[in-house]
>>> print(open('entry_8.cif').read())   # mmCIF, C-alpha atoms
data_input
#
loop_
_atom_site.label_atom_id
_atom_site.label_comp_id
_atom_site.auth_asym_id
_atom_site.auth_seq_id
_atom_site.Cartn_x
_atom_site.Cartn_y
_atom_site.Cartn_z
CA MET V 152 -38.99 8.75 -0.57
CA SER V 153 -35.78 10.77 -0.43
CA ILE V 154 -32.89 9.28 1.59
CA ARG V 155 -30.15 11.74 0.77
CA ARG V 156 -28.09 13.14 3.62
CA LEU V 157 -29.25 15.98 5.79
CA SER V 158 -28.11 19.45 4.83
CA GLY V 159 -26.42 21.69 7.37
CA GLU V 160 -29.59 23.75 7.75
CA GLU V 161 -31.72 20.63 8.33
CA SER V 162 -29.25 19.29 10.90
CA MET V 163 -29.27 22.54 12.88
CA SER V 164 -33.08 22.80 12.71
CA LEU V 165 -33.58 19.24 13.92
CA PHE V 166 -31.03 19.56 16.71
CA SER V 167 -32.53 22.88 17.88
CA LEU V 168 -35.86 21.06 18.33
CA LEU V 169 -34.16 18.35 20.41
CA LYS V 170 -32.53 20.97 22.61
CA ALA V 171 -35.79 22.85 23.28
CA ASP V 172 -36.51 21.00 26.51
CA GLN V 173 -38.01 24.12 28.15
CA ARG V 174 -40.69 24.57 25.49
CA PRO V 175 -44.04 22.72 25.53
CA ILE V 176 -43.75 19.55 23.53
CA HIS V 177 -46.81 20.28 21.40
CA GLU V 178 -45.17 23.54 20.22
CA ILE V 179 -42.06 21.60 19.19
CA LEU V 180 -44.19 19.16 17.20
CA ALA V 181 -46.02 22.03 15.49
CA GLU V 182 -42.71 23.66 14.51
CA PHE V 183 -41.44 20.30 13.22
CA ASN V 184 -44.41 20.05 10.84
CA SER V 185 -44.23 23.67 9.70
CA THR V 186 -40.49 24.18 9.18
CA LEU V 187 -39.35 20.79 7.90
CA SER V 188 -40.71 19.42 4.63
CA ARG V 189 -43.01 16.41 4.93
CA ASN V 190 -41.14 14.78 2.04
CA ARG V 191 -38.05 14.71 4.28
CA HIS V 192 -39.75 13.24 7.38
CA PHE V 193 -38.56 9.70 6.68
CA THR V 194 -34.94 10.78 6.37
CA LEU V 195 -35.16 13.00 9.47
CA CYS V 196 -36.71 10.19 11.51
CA SER V 197 -34.09 7.73 10.26
CA TYR V 198 -31.36 9.98 11.67
CA LEU V 199 -33.29 10.29 14.95
CA LEU V 200 -33.48 6.50 15.10
CA MET V 201 -29.72 6.34 14.57
CA LEU V 202 -29.20 8.65 17.57
CA LEU V 203 -31.74 6.83 19.76
CA GLN V 204 -30.16 3.42 19.25
CA ASP V 205 -27.38 4.40 21.66
CA ASN V 206 -28.51 5.68 25.06
CA LYS V 207 -25.45 7.90 25.50
CA VAL V 208 -25.80 10.13 22.46
CA LEU V 209 -28.81 12.17 23.61
CA THR V 210 -29.88 13.34 27.06
CA THR V 211 -33.12 12.15 28.61
CA THR V 212 -35.10 15.23 27.59
CA GLU V 213 -33.69 15.07 24.09
CA ARG V 214 -34.70 11.42 23.82
CA LEU V 215 -38.27 12.22 24.90
CA ILE V 216 -38.53 14.89 22.22
CA ALA V 217 -37.01 12.52 19.63
CA PHE V 218 -39.60 9.82 20.38
CA SER V 219 -42.35 12.45 20.10
CA LEU V 220 -41.06 13.42 16.63
CA LEU V 221 -40.91 9.78 15.51
CA LEU V 222 -44.63 9.36 16.21
CA GLU V 223 -45.63 12.89 15.10
CA ALA V 224 -44.10 12.44 11.64
CA TYR V 225 -46.74 9.79 10.83
CA SER V 226 -49.56 10.93 13.12
CA SER V 227 -51.80 11.83 10.16
CA GLN V 228 -51.62 8.24 8.84
CA LYS V 229 -52.57 4.86 10.22
CA PRO V 230 -50.18 3.55 12.89
CA ALA V 231 -49.27 0.67 10.61
CA SER V 232 -47.83 3.21 8.16
CA ASN V 233 -45.19 4.31 10.69
CA PRO V 234 -42.01 2.42 9.71
CA PHE V 235 -40.52 3.01 13.19
CA ILE V 236 -43.38 1.56 15.28
CA THR V 237 -41.50 -1.67 16.05
CA PHE V 238 -38.50 0.20 17.43
CA ILE V 239 -40.77 2.48 19.52
CA ILE V 240 -42.65 -0.47 21.09
CA ASN V 241 -39.41 -2.31 21.86
CA ALA V 242 -37.98 0.85 23.45
CA SER V 243 -41.03 1.13 25.77
CA CYS V 244 -40.28 -2.34 27.15
CA ASP V 245 -36.48 -2.08 27.31
CA GLU V 246 -35.47 -2.93 30.88
CA GLY V 247 -32.19 -1.10 30.37
CA SER V 248 -33.95 2.23 29.74
CA ILE V 249 -34.96 4.58 32.53
CA LYS V 250 -38.58 4.50 33.72
CA VAL V 251 -39.42 8.06 32.76
CA GLU V 252 -38.57 7.35 29.13
CA ARG V 253 -40.59 4.13 29.03
CA ALA V 254 -43.58 5.81 30.65
CA PHE V 255 -43.41 8.70 28.22
CA ILE V 256 -43.39 6.35 25.21
CA LEU V 257 -46.36 4.41 26.57
CA GLN V 258 -48.29 7.65 26.93
CA LEU V 259 -47.40 8.59 23.36
CA LEU V 260 -48.75 5.21 22.23
CA GLY V 261 -51.94 5.76 24.26
CA VAL V 262 -51.31 2.69 26.42
CA ASP V 263 -50.66 4.45 29.77
CA SER V 264 -53.86 6.17 30.89
CA SER V 265 -52.40 8.01 33.90
CA ASN V 266 -52.99 11.31 32.05
CA SER V 267 -56.05 11.85 29.90
CA GLY V 268 -55.47 12.22 26.18
CA LYS V 269 -52.50 14.30 25.11
CA GLU V 270 -52.52 16.76 28.00
CA PHE V 271 -49.01 15.72 28.98
CA LEU V 272 -47.71 17.16 25.68
CA LYS V 273 -48.53 20.65 26.97
CA GLN V 274 -45.60 20.24 29.39
CA SER V 275 -41.98 20.74 28.47
CA ALA V 276 -39.70 17.72 28.43
CA SER V 277 -37.81 19.12 31.42
CA ASP V 278 -41.02 19.59 33.45
CA TYR V 279 -42.16 16.10 32.55
CA VAL V 280 -38.91 14.57 33.84
CA GLN V 281 -38.92 16.64 37.05
CA GLY V 282 -42.58 15.85 37.83
CA PHE V 283 -42.41 12.17 36.96
CA ASP V 284 -43.91 9.81 39.57
CA GLN V 285 -43.16 6.18 38.84
CA SER V 286 -45.97 4.92 41.11
CA LEU V 287 -48.58 6.42 38.76
CA HIS V 288 -47.51 4.37 35.75
CA GLU V 289 -47.80 0.75 34.73
CA PHE V 290 -45.31 -0.99 32.47
CA PRO V 291 -46.89 -3.87 30.51
CA PRO V 292 -44.58 -6.61 29.19
CA LEU V 293 -43.42 -6.70 25.59
CA ASP V 294 -45.59 -9.66 24.53
CA GLN V 295 -48.71 -7.85 25.75
CA LEU V 296 -47.83 -4.74 23.74
CA GLN V 297 -46.97 -6.81 20.67
CA GLN V 298 -50.33 -8.53 20.91
CA GLN V 299 -52.09 -5.19 21.31
CA PHE V 300 -50.23 -3.73 18.32
CA SER V 301 -50.11 -6.94 16.31
CA ASP V 302 -51.57 -5.22 13.26
CA LYS V 303 -49.05 -2.38 13.55
CA VAL V 304 -45.76 -4.09 14.34
CA HIS V 305 -43.89 -4.92 11.16
CA PRO V 306 -42.25 -8.33 10.74
CA LYS V 307 -38.50 -8.49 10.86
CA PRO V 308 -37.26 -6.99 7.59
CA TYR V 309 -34.96 -8.77 5.19
CA HIS V 310 -31.29 -7.89 5.60
CA CYS V 311 -28.92 -8.18 2.68
CA LEU V 312 -25.69 -10.02 3.49
CA PHE V 313 -23.60 -7.20 2.01
CA LYS V 314 -25.49 -4.57 4.03
CA ASP V 315 -25.04 -6.60 7.21
CA GLY V 316 -21.30 -6.37 6.62
CA SER V 317 -21.36 -2.60 7.18
CA VAL V 318 -20.50 -0.93 10.48
CA ARG V 319 -23.04 1.27 12.25
CA ASN V 320 -22.45 5.01 12.18
CA VAL V 321 -22.75 5.23 15.99
CA VAL V 322 -20.70 2.61 17.80
CA PRO V 323 -21.25 2.25 21.59
CA ASP V 324 -18.26 2.90 23.82
CA PRO V 325 -17.32 -0.45 25.45
CA ASP V 326 -16.06 1.41 28.55
CA VAL V 327 -19.52 2.84 29.28
CA PRO V 328 -21.92 0.42 31.04
CA PRO V 329 -25.41 0.11 29.52
CA SER V 330 -27.09 1.27 32.72
CA CYS V 331 -25.12 4.52 32.88
CA ASP V 332 -27.26 7.67 32.80
CA PRO V 333 -25.70 10.24 30.47
CA ASP V 334 -27.34 13.03 32.49
CA SER V 335 -25.71 11.92 35.73
CA SER V 336 -22.48 13.46 37.02
CA GLU V 337 -21.45 10.05 38.41
CA PHE V 338 -20.09 9.25 34.98
CA ASP V 339 -17.09 11.45 35.73
CA LEU V 340 -16.30 9.69 39.04
CA ARG V 341 -15.79 6.18 37.76
CA PRO V 342 -12.20 4.91 38.22
CA GLY V 343 -10.24 5.03 35.00
CA ALA V 344 -13.06 6.72 33.09
CA LYS V 345 -12.27 9.18 30.38
CA PRO V 346 -13.10 12.83 31.04
CA LYS V 347 -16.70 13.61 30.19
CA LEU V 348 -17.20 15.82 27.15
CA GLY V 349 -18.53 19.28 27.82
CA THR V 350 -22.04 20.20 26.72
CA GLY V 351 -20.78 22.24 23.80
CA ASP V 352 -18.49 19.45 22.61
CA LYS V 353 -21.29 16.91 22.85
CA ASP V 354 -23.71 19.14 20.96
CA GLU V 355 -21.12 19.68 18.27
CA ALA V 356 -20.59 15.92 18.00
CA VAL V 357 -24.33 15.26 17.60
CA VAL V 358 -24.68 17.93 14.90
CA GLY V 359 -21.67 16.40 13.18
CA LEU V 360 -23.36 13.00 13.20
CA LEU V 361 -26.50 14.46 11.66
CA SER V 362 -24.60 16.40 8.98
CA ASN V 363 -21.87 14.03 7.88
CA LEU V 364 -22.99 10.43 8.37
CA SER V 365 -24.87 8.28 5.88
CA LEU V 366 -27.85 6.11 6.73
CA GLU V 367 -26.16 3.24 4.90
CA GLY V 368 -23.45 2.94 7.53
CA LEU V 369 -19.73 2.50 7.01
CA SER V 370 -19.72 -0.34 4.51
CA PRO V 371 -16.52 -1.89 3.08
CA HIS V 372 -15.58 -1.31 -0.53
CA TRP V 373 -16.28 -4.52 -2.41
CA ILE V 374 -13.69 -5.09 -5.11
CA ARG V 375 -14.99 -6.78 -8.25
CA PRO V 376 -12.22 -8.10 -10.53
CA LEU V 377 -12.46 -7.54 -14.26
CA PRO V 378 -13.91 -10.56 -16.11
CA PRO V 379 -11.40 -12.47 -18.25
CA ARG V 380 -11.40 -11.86 -21.97
CA LEU V 381 -12.72 -14.60 -24.21
CA PRO V 382 -10.50 -15.81 -27.04
CA ILE V 383 -11.09 -14.24 -30.45
CA LEU V 384 -12.65 -16.71 -32.85
CA ASP V 385 -11.94 -16.97 -36.57
CA GLY V 386 -14.02 -14.50 -38.54
CA GLU V 387 -14.78 -12.40 -35.46
CA LEU V 388 -14.16 -8.68 -35.62
CA VAL V 389 -11.38 -7.39 -33.38
CA TRP V 390 -12.21 -4.39 -31.21
CA LEU V 391 -10.15 -1.40 -32.29
CA ASN V 392 -8.97 1.29 -29.89
CA PRO V 393 -7.98 4.28 -32.06
CA ASP V 394 -5.28 6.48 -30.66
CA ASP V 395 -5.95 10.09 -29.69
CA ASN V 396 -2.82 11.55 -31.23
CA HIS V 397 -4.47 14.22 -33.34
CA GLU V 398 -2.41 16.60 -35.42
CA LEU V 399 -3.24 20.26 -35.80
CA MET V 400 -4.48 21.34 -39.22
CA TRP V 401 -3.38 24.81 -40.25
CA ASP V 402 -5.87 27.01 -42.11
CA TYR V 403 -3.80 28.59 -44.83
CA GLY V 404 -6.73 30.79 -45.79
CA MET V 405 -6.41 32.90 -42.66
CA CYS V 406 -5.27 36.46 -43.13
CA VAL V 407 -5.52 36.13 -46.91
CA ASP V 408 -6.07 39.38 -48.78
CA THR V 409 -9.79 39.77 -49.43
CA SER V 410 -9.52 42.97 -51.44
CA ARG V 411 -10.48 41.03 -54.58
CA GLY V 412 -14.03 40.73 -53.28
CA ALA V 413 -14.28 44.40 -52.37
CA ALA V 414 -15.35 45.31 -55.89
CA VAL V 415 -18.17 42.74 -55.83
CA ARG V 416 -19.39 43.99 -52.44
CA ASP V 417 -19.50 47.56 -53.75
CA LEU V 418 -21.42 46.54 -56.87
CA ILE V 419 -23.91 44.44 -54.86
CA ALA V 420 -24.48 47.42 -52.57
CA LYS V 421 -25.28 49.54 -55.65
CA ALA V 422 -27.46 46.76 -57.09
CA LEU V 423 -29.69 46.94 -54.02
CA LYS V 424 -30.45 50.60 -54.70
CA GLY V 425 -30.95 50.59 -58.48
CA ALA V 426 -30.30 48.86 -61.80
CA LEU V 427 -26.64 48.39 -62.68
CA ALA V 428 -25.17 49.27 -66.03
CA PRO V 429 -24.62 46.30 -68.42
CA THR V 430 -20.84 46.47 -67.91
CA GLN V 431 -21.28 46.42 -64.14
CA GLN V 432 -23.64 43.43 -64.35
CA GLU V 433 -21.10 41.56 -66.47
CA GLN V 434 -18.35 42.34 -63.94
CA VAL V 435 -20.41 40.92 -61.06
CA LEU V 436 -21.34 37.79 -62.99
CA LEU V 437 -17.70 37.32 -64.10
CA GLU V 438 -16.27 37.71 -60.58
CA LEU V 439 -18.84 35.28 -59.11
CA GLY V 440 -18.16 32.83 -61.91
CA ASN V 441 -14.40 32.89 -61.31
CA ASP V 442 -14.76 32.43 -57.56
CA PRO V 443 -18.19 31.06 -56.46
CA LYS V 444 -17.21 31.44 -52.78
CA LEU V 445 -17.35 35.21 -53.14
CA VAL V 446 -21.13 34.91 -52.92
CA TYR V 447 -20.77 34.30 -49.17
CA HIS V 448 -18.84 37.57 -48.75
CA CYS V 449 -20.69 39.88 -51.13
CA GLY V 450 -22.82 41.47 -48.40
CA LEU V 451 -26.18 40.00 -49.44
CA THR V 452 -28.55 38.79 -46.70
CA PRO V 453 -32.07 37.28 -46.92
CA ARG V 454 -33.54 40.58 -45.73
CA LYS V 455 -31.96 42.45 -48.68
CA LEU V 456 -33.00 39.91 -51.32
CA PRO V 457 -36.30 41.65 -52.40
CA GLU V 458 -34.37 44.83 -53.29
CA LEU V 459 -31.93 42.87 -55.45
CA VAL V 460 -34.77 40.96 -57.17
CA GLU V 461 -36.62 44.15 -58.13
CA ASN V 462 -33.57 46.11 -59.29
CA ASN V 463 -31.33 43.42 -60.79
CA PRO V 464 -33.16 40.09 -61.29
CA LEU V 465 -30.36 38.49 -63.35
CA ILE V 466 -27.82 39.03 -60.58
CA ALA V 467 -30.37 37.71 -58.06
CA VAL V 468 -30.75 34.51 -60.11
CA ASP V 469 -26.97 34.02 -60.30
CA VAL V 470 -26.48 34.62 -56.56
CA LEU V 471 -29.31 32.27 -55.54
CA THR V 472 -27.99 29.60 -57.92
CA LYS V 473 -24.61 29.67 -56.20
CA LEU V 474 -26.23 29.70 -52.75
CA ILE V 475 -28.38 26.64 -53.45
CA ASN V 476 -26.22 24.41 -51.20
CA SER V 477 -25.89 27.01 -48.46
CA PRO V 478 -27.49 26.30 -45.05
CA GLU V 479 -29.23 29.68 -45.37
CA ILE V 480 -30.95 28.93 -48.69
CA ALA V 481 -34.22 28.11 -46.90
CA GLU V 482 -34.30 31.65 -45.47
CA TYR V 483 -33.76 33.11 -48.96
CA PHE V 484 -36.63 31.00 -50.34
CA THR V 485 -38.90 32.10 -47.50
CA VAL V 486 -38.23 35.76 -48.25
CA LEU V 487 -38.68 35.21 -51.99
CA VAL V 488 -42.02 33.42 -51.64
CA ASN V 489 -43.41 36.06 -49.27
CA MET V 490 -42.36 39.19 -51.20
CA ASP V 491 -44.82 41.15 -53.33
CA MET V 492 -45.57 39.48 -56.63
CA SER V 493 -44.05 41.26 -59.63
CA LEU V 494 -42.70 40.62 -63.09
CA HIS V 495 -39.14 40.50 -61.77
CA SER V 496 -39.93 38.06 -58.95
CA MET V 497 -41.66 35.69 -61.40
CA GLU V 498 -38.72 36.04 -63.76
CA VAL V 499 -36.32 35.10 -60.98
CA VAL V 500 -38.39 32.06 -59.96
CA ASN V 501 -38.87 30.98 -63.59
CA ARG V 502 -35.11 31.16 -64.30
CA LEU V 503 -34.32 29.33 -61.06
CA THR V 504 -36.62 26.45 -62.02
CA THR V 505 -34.58 25.83 -65.17
CA ALA V 506 -31.18 26.40 -63.51
CA VAL V 507 -31.48 24.34 -60.32
CA GLU V 508 -33.86 21.89 -58.75
CA LEU V 509 -36.15 23.82 -56.42
CA PRO V 510 -38.18 22.24 -53.60
CA SER V 511 -41.72 21.44 -54.79
CA GLU V 512 -43.14 22.98 -51.59
CA PHE V 513 -41.50 26.31 -52.47
CA ILE V 514 -42.91 26.33 -56.04
CA HIS V 515 -46.41 25.38 -54.88
CA MET V 516 -46.41 28.06 -52.20
CA TYR V 517 -45.19 30.71 -54.66
CA ILE V 518 -47.96 29.82 -57.16
CA THR V 519 -50.56 29.98 -54.37
CA ASN V 520 -49.32 33.43 -53.34
CA CYS V 521 -49.41 34.62 -56.97
CA ILE V 522 -53.02 33.50 -57.37
CA SER V 523 -53.97 35.07 -54.05
CA SER V 524 -52.34 38.38 -55.09
CA CYS V 525 -54.30 38.45 -58.35
CA VAL V 526 -57.60 37.85 -56.54
CA SER V 527 -57.02 40.44 -53.82
CA ILE V 528 -55.88 43.37 -56.00
CA LYS V 529 -58.53 46.11 -56.49
CA ASP V 530 -57.17 47.97 -59.53
CA LYS V 531 -58.70 46.26 -62.59
CA TYR V 532 -55.89 47.34 -64.94
CA MET V 533 -53.18 46.02 -62.61
CA GLN V 534 -55.25 42.92 -61.95
CA ASN V 535 -55.55 42.06 -65.65
CA ARG V 536 -51.82 42.69 -66.13
CA LEU V 537 -50.83 40.43 -63.22
CA VAL V 538 -53.24 37.70 -64.30
CA ARG V 539 -51.62 37.63 -67.75
CA LEU V 540 -48.16 37.39 -66.16
CA VAL V 541 -49.22 34.55 -63.86
CA CYS V 542 -50.88 32.61 -66.68
CA VAL V 543 -47.78 32.87 -68.87
CA PHE V 544 -45.62 31.89 -65.90
CA LEU V 545 -47.78 28.81 -65.17
CA GLN V 546 -47.82 27.74 -68.82
CA SER V 547 -44.00 27.86 -68.85
CA LEU V 548 -43.80 25.73 -65.71
CA ILE V 549 -46.28 23.18 -67.06
CA ARG V 550 -44.64 22.85 -70.50
CA ASN V 551 -41.17 22.43 -68.93
CA ASN V 552 -42.53 19.78 -66.51
CA ILE V 553 -41.40 21.84 -63.54
CA ILE V 554 -44.62 21.24 -61.60
CA ASN V 555 -47.07 18.37 -61.42
CA VAL V 556 -50.40 19.74 -62.57
CA LYS V 557 -52.35 17.22 -60.48
CA ASP V 558 -51.04 18.77 -57.26
CA LEU V 559 -52.47 22.21 -58.13
CA PHE V 560 -55.17 21.30 -60.63
CA ILE V 561 -58.21 22.41 -58.60
CA GLU V 562 -56.63 25.67 -57.47
CA VAL V 563 -55.35 26.62 -60.94
CA GLN V 564 -58.61 25.59 -62.61
CA ALA V 565 -60.63 27.81 -60.27
CA PHE V 566 -58.24 30.66 -61.04
CA CYS V 567 -58.72 30.20 -64.81
CA ILE V 568 -62.53 30.06 -64.49
CA GLU V 569 -62.61 33.25 -62.37
CA PHE V 570 -60.57 35.17 -64.97
CA SER V 571 -61.81 33.38 -68.09
CA ARG V 572 -62.51 36.76 -69.75
CA ILE V 573 -58.74 37.21 -70.14
CA ARG V 574 -57.25 35.49 -73.19
CA GLU V 575 -54.20 34.07 -71.34
CA ALA V 576 -56.40 32.55 -68.63
CA ALA V 577 -58.56 30.86 -71.25
CA ALA V 578 -55.45 29.46 -72.93
CA LEU V 579 -54.19 28.13 -69.62
CA PHE V 580 -57.58 26.50 -69.00
CA ARG V 581 -57.42 24.72 -72.36
CA LEU V 582 -53.92 23.51 -71.53
CA LEU V 583 -55.16 22.06 -68.26
CA LYS V 584 -58.02 20.25 -70.05
CA SER V 585 -55.61 18.73 -72.54
CA LEU V 586 -53.57 17.23 -69.68
CA GLU V 587 -56.48 15.52 -67.93
#
>>> encode(input="entry_8.cif", output="structure tokens")
Amino acid sequence: MSIRRLSGEESMSLFSLLKADQRPIHEILAEFNSTLSRNRHFTLCSYLLMLLQDNKVLTTTERLIAFSLLLEAYSSQKPASNPFITFIINASCDEGSIKVERAFILQLLGVDSSNSGKEFLKQSASDYVQGFDQSLHEFPPLDQLQQQFSDKVHPKPYHCLFKDGSVRNVVPDPDVPPSCDPDSSEFDLRPGAKPKLGTGDKDEAVVGLLSNLSLEGLSPHWIRPLPPRLPILDGELVWLNPDDNHELMWDYGMCVDTSRGAAVRDLIAKALKGALAPTQQEQVLLELGNDPKLVYHCGLTPRKLPELVENNPLIAVDVLTKLINSPEIAEYFTVLVNMDMSLHSMEVVNRLTTAVELPSEFIHMYITNCISSCVSIKDKYMQNRLVRLVCVFLQSLIRNNIINVKDLFIEVQAFCIEFSRIREAAALFRLLKSLE
């Protein structure tokens, strides 16, 4: 259950219910259930208990409403589930309390049968106090009530010694006698008494208690000294505390002239649109060879890779080779494996397998896509042409030990059987049989 402090809105809502002494009590209880969250009932009732522990904080009508809320918060459960039942029973037998309060609590508990059922809750707290007739009520002793509610009264809870050292939030004024009625004007006439607070000041003080005080009380701050350090034994590592005196590192590459890479960017832009002349291809390969970092500034992105592969496969191979350690290489591989199968794309993949170490998952996925493309194509001429290219490509991978045939044996074998009429497929099938 939540025990955090009351918010300002909760404090004002709860206090407005206590001040509604002209409204029927059952309406106040209904508003309490509808406007205040049930998950906060325990905290709200704990603050009410804090106010009720001192008879001078609340007026008589406010106290009657507060006791009604204490019981209403747990009315839907068994009485034994109400954590405040012990305080309520003790309050009904407190000789220092006024009779109207004790009688009202007994009626809430269902002990006083002067009024049938809960009819008295249809009155306002003010009307109940004005119409109270002491002769119509009986006040049983505490032991009788404890016996009657023996299954409901909780045993005395355990108190931690440290918690008992805290001071209560509300401390009674030693100059005010216990029998003094806070509603009576006689409080102002006592010799040497302090001036009585006005109604507005008192209301402000109560709201301040609800908003600012903690249920844990005003506990002292317990100081715990640091434990002594044990001596360092021979062979034991000594704890190091590195200093935080960091020095600034200057990036001497800032504001450096990047015009040298402008030529490469221009040539790459042309390479995306069409085949470059041999001299232009040599210039790109030479510039990238002299400064491999230019590949990160040449303007190529994964989305543009298919255009470079189809128009200039040799440049694509060189760029991908230099990007192999880049964090974005996975995106380039994803685009390459998903692009339309062609002679140039297979050439790029075949050259990459001999230049760098490619992930086996990428190679397997590319082979699967190649086989799927051959099966799905409708044009017989194009199909035969692509099947020949794929078979030659697979033979090259197998002979160079780029792929493990066992991983793709069933898929490749089915492909060879389906296109066994083609000479290259039959040759690939014989190669597979020789490796079994």
>>> resolve_selection(input="entry_8.cif", expression="the PyMOL selection byres ((chain V and resi 248) around 12)", output="VMD selection string")
chain V and resid 203 to 207 211 214 to 215 241 to 247 249 to 256 329 to 333
>>> resolve_selection(input="entry_8.cif", expression="the PyMOL selection byres ((chain V and resi 187) around 12)", output="PyMOL selection string")
chain V and resi 157-158+160-165+168+179-186+188-196+220+224
>>> residues_around(input="entry_8.cif", residues="region 490-503 of chain V", least_positions_apart="5", cutoff="7 Å", atoms="all atoms listed in the file", output="mmCIF file with C-alpha atoms, in the frame of the given file")
data_model
loop_
_atom_site.group_PDB
_atom_site.id
_atom_site.type_symbol
_atom_site.label_atom_id
_atom_site.label_comp_id
_atom_site.auth_asym_id
_atom_site.auth_seq_id
_atom_site.Cartn_x
_atom_site.Cartn_y
_atom_site.Cartn_z
ATOM 1 C CA PRO V 457 -36.300 41.650 -52.400
ATOM 2 C CA VAL V 460 -34.770 40.960 -57.170
ATOM 3 C CA GLU V 461 -36.620 44.150 -58.130
ATOM 4 C CA PRO V 464 -33.160 40.090 -61.290
ATOM 5 C CA VAL V 468 -30.750 34.510 -60.110
ATOM 6 C CA CYS V 521 -49.410 34.620 -56.970
#
>>> residues_around(input="entry_8.cif", residues="Phe566 (chain V)", least_positions_apart="2", cutoff="10 Å", atoms="only C-alpha atoms", output="PyMOL selection string")
chain V and resi 522-523+525-526+538+542+560-564+568-571+576+579-580
>>> write_last_selection(input="entry_8.cif", atoms="C-alpha atoms", output="compact mmCIF listing (two decimals), in the coordinates of the input")
# COMPACT_ATOMS: atom_id res chain seq x y z
CA ILE V 522 -53.02 33.50 -57.37
CA SER V 523 -53.97 35.07 -54.05
CA CYS V 525 -54.30 38.45 -58.35
CA VAL V 526 -57.60 37.85 -56.54
CA VAL V 538 -53.24 37.70 -64.30
CA CYS V 542 -50.88 32.61 -66.68
CA PHE V 560 -55.17 21.30 -60.63
CA ILE V 561 -58.21 22.41 -58.60
CA GLU V 562 -56.63 25.67 -57.47
CA VAL V 563 -55.35 26.62 -60.94
CA GLN V 564 -58.61 25.59 -62.61
CA ILE V 568 -62.53 30.06 -64.49
CA GLU V 569 -62.61 33.25 -62.37
CA PHE V 570 -60.57 35.17 -64.97
CA SER V 571 -61.81 33.38 -68.09
CA ALA V 576 -56.40 32.55 -68.63
CA LEU V 579 -54.19 28.13 -69.62
CA PHE V 580 -57.58 26.50 -69.00
>>> atom_distance(input="entry_8.cif", atom1="CA of Lys455 (chain V)", atom2="CA of Leu509 (chain V)")
20.6 Å
>>> atom_distance(input="entry_8.cif", atom1="CA of Ile480 (chain V)", atom2="CA of Tyr447 (chain V)")
11.5 Å
>>> atom_distance(input="entry_8.cif", atom1="CA of Gln432 (chain V)", atom2="CA of Ile419 (chain V)")
9.5 Å
>>> decode(input="entry_8.cif", residues="region 252-288 of chain V", atoms="C-alpha atoms", output="short mmCIF file (atom, residue, chain, number, x, y, z; two decimals), in the first residue's frame")
data_model
loop_
_atom_site.label_atom_id
_atom_site.label_comp_id
_atom_site.auth_asym_id
_atom_site.auth_seq_id
_atom_site.Cartn_x
_atom_site.Cartn_y
_atom_site.Cartn_z
CA GLU V 252 -18.47 11.76 20.12
CA ARG V 253 -18.48 8.49 22.06
CA ALA V 254 -22.14 7.88 21.27
CA PHE V 255 -21.57 8.58 17.58
CA ILE V 256 -18.69 6.08 17.42
CA LEU V 257 -20.76 3.41 19.15
CA GLN V 258 -23.52 3.91 16.61
CA LEU V 259 -20.98 3.61 13.80
CA LEU V 260 -19.82 0.31 15.33
CA GLY V 261 -23.43 -0.88 15.60
CA VAL V 262 -23.24 -1.20 19.38
CA ASP V 263 -25.67 1.61 20.34
CA SER V 264 -29.16 0.66 19.16
CA SER V 265 -30.87 3.97 19.99
CA ASN V 266 -31.34 4.58 16.24
CA SER V 267 -32.15 1.75 13.88
CA GLY V 268 -29.50 0.84 11.33
CA LYS V 269 -27.67 3.70 9.67
CA GLU V 270 -30.51 6.21 9.69
CA PHE V 271 -28.45 8.62 11.77
CA LEU V 272 -26.01 9.00 8.83
CA LYS V 273 -28.74 10.82 6.91
CA GLN V 274 -28.25 13.74 9.32
CA SER V 275 -25.47 16.28 9.06
CA ALA V 276 -22.78 16.29 11.73
CA SER V 277 -24.03 19.67 12.96
CA ASP V 278 -27.63 18.41 13.29
CA TYR V 279 -26.44 15.31 15.10
CA VAL V 280 -24.55 17.38 17.69
CA GLN V 281 -27.45 19.82 18.20
CA GLY V 282 -30.05 17.04 18.58
CA PHE V 283 -27.94 14.80 20.79
CA ASP V 284 -29.70 13.49 23.92
CA GLN V 285 -27.33 11.77 26.31
CA SER V 286 -30.15 9.96 28.15
CA LEU V 287 -30.92 7.90 25.03
CA HIS V 288 -27.47 6.33 24.83
#
